[in-house]
Amino acid sequence: MNSKPKTTLITGGAASIFMVEYLKRVHNPLEEKIYLFAYEEVPSHLKPQYENMGIQIVNLNKSKSKFSKISKFFTMFKFALKHRKYNTIDYCEVHIPPHSVQAYILGFVLKILRAKNFLIFWGSDILKLDSKYDKRMEYLLKQSHAVSLPTDNMREAFCNHFGNRYDDIMYNCKLGSLGFDAITETLKTSSREDCKRQLGIDPSQTVIAVGYNGKRRHQHIKAIDALGKLSAEIKEKITVLIHVGNECEADYMDEIKSSLKANNLKSCIIARPLSLEEIAPMRIATDIFLHAQISDAFASSIRECIYAGGLLINPTWIKYYEYDKLGIKFIKYDSFDEIPGIVTKIFTEGIQIDLKKNSELIYQNFSWEFLKKNWMEMLNE
């Protein structure tokens with residue numbers, strides 16, 4: 001007699017393409033029953049993908065009134081009581097654990113369900129955690145069977161808050177890079193120059209991407225101002241690529257455009273979300289990725305640029321211990337003042353890094369094909 005398929009409740013990340021890919025790669029939705037708590041509106045382009053996988057979305061974003069938080073709590077509470085009655089939830093995965101009062105609410109729901117719980121950090125959820133919220137986060141930790149911290153700097157940040165008392169349940173489960181497959185397919189028919197043309201960029205230009213979304217924490221203005229200090233001769237040879245998706249506030253976009261104009265820099269600005277098929281040529285077109293974010297866990301966007309053959313220029317305040325361990329090479333800078341000299345040297349002396357080897361290493365270690373086994377080890381423990 002066949003055992004009943006497991007039923008899993010997943011919370012957090014419903015509005016992200018990363019969640020869609022995670023479900024496709026790690027779970028088998030057509031053979032499992034999966035409920036997904038959606039705290040925010042699920043984008044229209046993702047809804048059909050969830051529907052095709054049979055994911056049952058529990059919409060917690062129904063109320064737009066001042067009582068929306070109370071409405072979310074009652075929806076979660078009713079769900080928990082219903083499924084506790086029939087003991088139907090086997091596993092709960094908490095992705096991007098909250099550190100607001102919602103942590104207590106979610107923790108209460110988990111207690112009602114009495115399932116096997118997994119706490120899965122994605123990045124800024126632990127890197128930006130203020131110590132005054134430690135008790136809220138620990139309310140969830142104390143109910144967890146396993147905790148995933150996918151990078152060394154995230155584990156370091158976690159231990160700064162909670163010490164080593166959770167070491168026995170720690171796992172290293174990374175989300176795979178979304179664009180690898182699309183990049184591979186695009187490169188079969190298109191060159192880097194072709195991809196630049198698709199973006200409306202002169203193929204002879206060196207494309208320098210700054211940031212990977214429209215949030216101020218990417219410090220676009222400081223990076224652009226640094227590039228503005230390049231010689232007129234070099235500035236003629238570069239185009240600054242900025243992809244802000246739909247996350248950029250109008251006033252910040254105006255600031256970015258003003259800075260580009262004031263620094264006399266040519267640019268290509270993409271201000272809409274892109275499909276994986278559209279992301280691929282953008283990554284391939286990128287010769288240099290200038291990273292300037294305040295903090296970062298392990299951005300898939302950067303991995304994709306490296307896989308597509310781009311050079312990473314990264315600030316020393318963002319630690320990529322894993323890259324160093326694996327021998328993935330990139331240029332480091334301590335302050336924005338160093339950027340003009342670094343870029344100038346690239347133009348006068350060329351790139352002294354084996355970008356092809358970087359590409360091979362990044363795929364071998366960060367593709368879903370490689371990473372899935374870590375997830376299966378944790379979830380099947």
# chains A, B, ... in the order shown; residues from 1 in each chain; ligands from 1
$ select_by_dssp --residues "range 47-87 of chain A" --states "strand (DSSP E)" --output "PyMOL selection string"
chain A and resi 56-59
$ write_last_selection --atoms "N, CA and C atoms" --output "short mmCIF file (atom, residue, chain, number, x, y, z; two decimals), in the first residue's frame"
data_model
loop_
_atom_site.label_atom_id
_atom_site.label_comp_id
_atom_site.auth_asym_id
_atom_site.auth_seq_id
_atom_site.Cartn_x
_atom_site.Cartn_y
_atom_site.Cartn_z
N GLN A 56 -1.04 25.39 -4.04
CA GLN A 56 -2.23 26.05 -3.51
C GLN A 56 -1.80 27.28 -2.73
N ILE A 57 -2.05 28.45 -3.31
CA ILE A 57 -1.64 29.71 -2.68
C ILE A 57 -2.68 30.16 -1.66
N VAL A 58 -2.21 30.44 -0.46
CA VAL A 58 -3.06 30.98 0.60
C VAL A 58 -2.80 32.47 0.63
N ASN A 59 -3.72 33.24 0.10
CA ASN A 59 -3.54 34.68 -0.04
C ASN A 59 -3.75 35.39 1.29
#
$ residues_around --residues "range 278-282 of chain A" --least-positions-apart "4" --cutoff "7 Å" --atoms "only C-alpha atoms" --output "number ranges by chain"
A: 179, 182-183, 186, 195, 274, 286
$ closest_atom_pairs --of "range 300-323 of chain A" --to "range 346-357 of chain A" --cutoff "12 Å" --atoms "only C-alpha atoms" --output "JSON lines"
{"residue": "A:Cys305", "atom": "CA", "partner": "A:Leu355", "partner_atom": "CA", "distance": 10.6}
{"residue": "A:Ile306", "atom": "CA", "partner": "A:Leu355", "partner_atom": "CA", "distance": 7.5}
{"residue": "A:Tyr307", "atom": "CA", "partner": "A:Lys356", "partner_atom": "CA", "distance": 8.3}
{"residue": "A:Ala308", "atom": "CA", "partner": "A:Lys356", "partner_atom": "CA", "distance": 8.9}
{"residue": "A:Gly309", "atom": "CA", "partner": "A:Leu355", "partner_atom": "CA", "distance": 5.6}
{"residue": "A:Gly310", "atom": "CA", "partner": "A:Leu355", "partner_atom": "CA", "distance": 6.9}
{"residue": "A:Leu311", "atom": "CA", "partner": "A:Leu355", "partner_atom": "CA", "distance": 6.9}
{"residue": "A:Leu312", "atom": "CA", "partner": "A:Leu355", "partner_atom": "CA", "distance": 9.7}
{"residue": "A:Ile313", "atom": "CA", "partner": "A:Ile346", "partner_atom": "CA", "distance": 11.0}
$ closest_residue --among "A:Glu322, A:Glu233, A:Glu247, A:Glu32" --to "Tyr91 in chain A" --atoms "only C-alpha atoms"
A:Glu32
$ atom_distance --atom1 "CA of Gly176 in chain A" --atom2 "CA of Ala297 in chain A"
13.3 Å
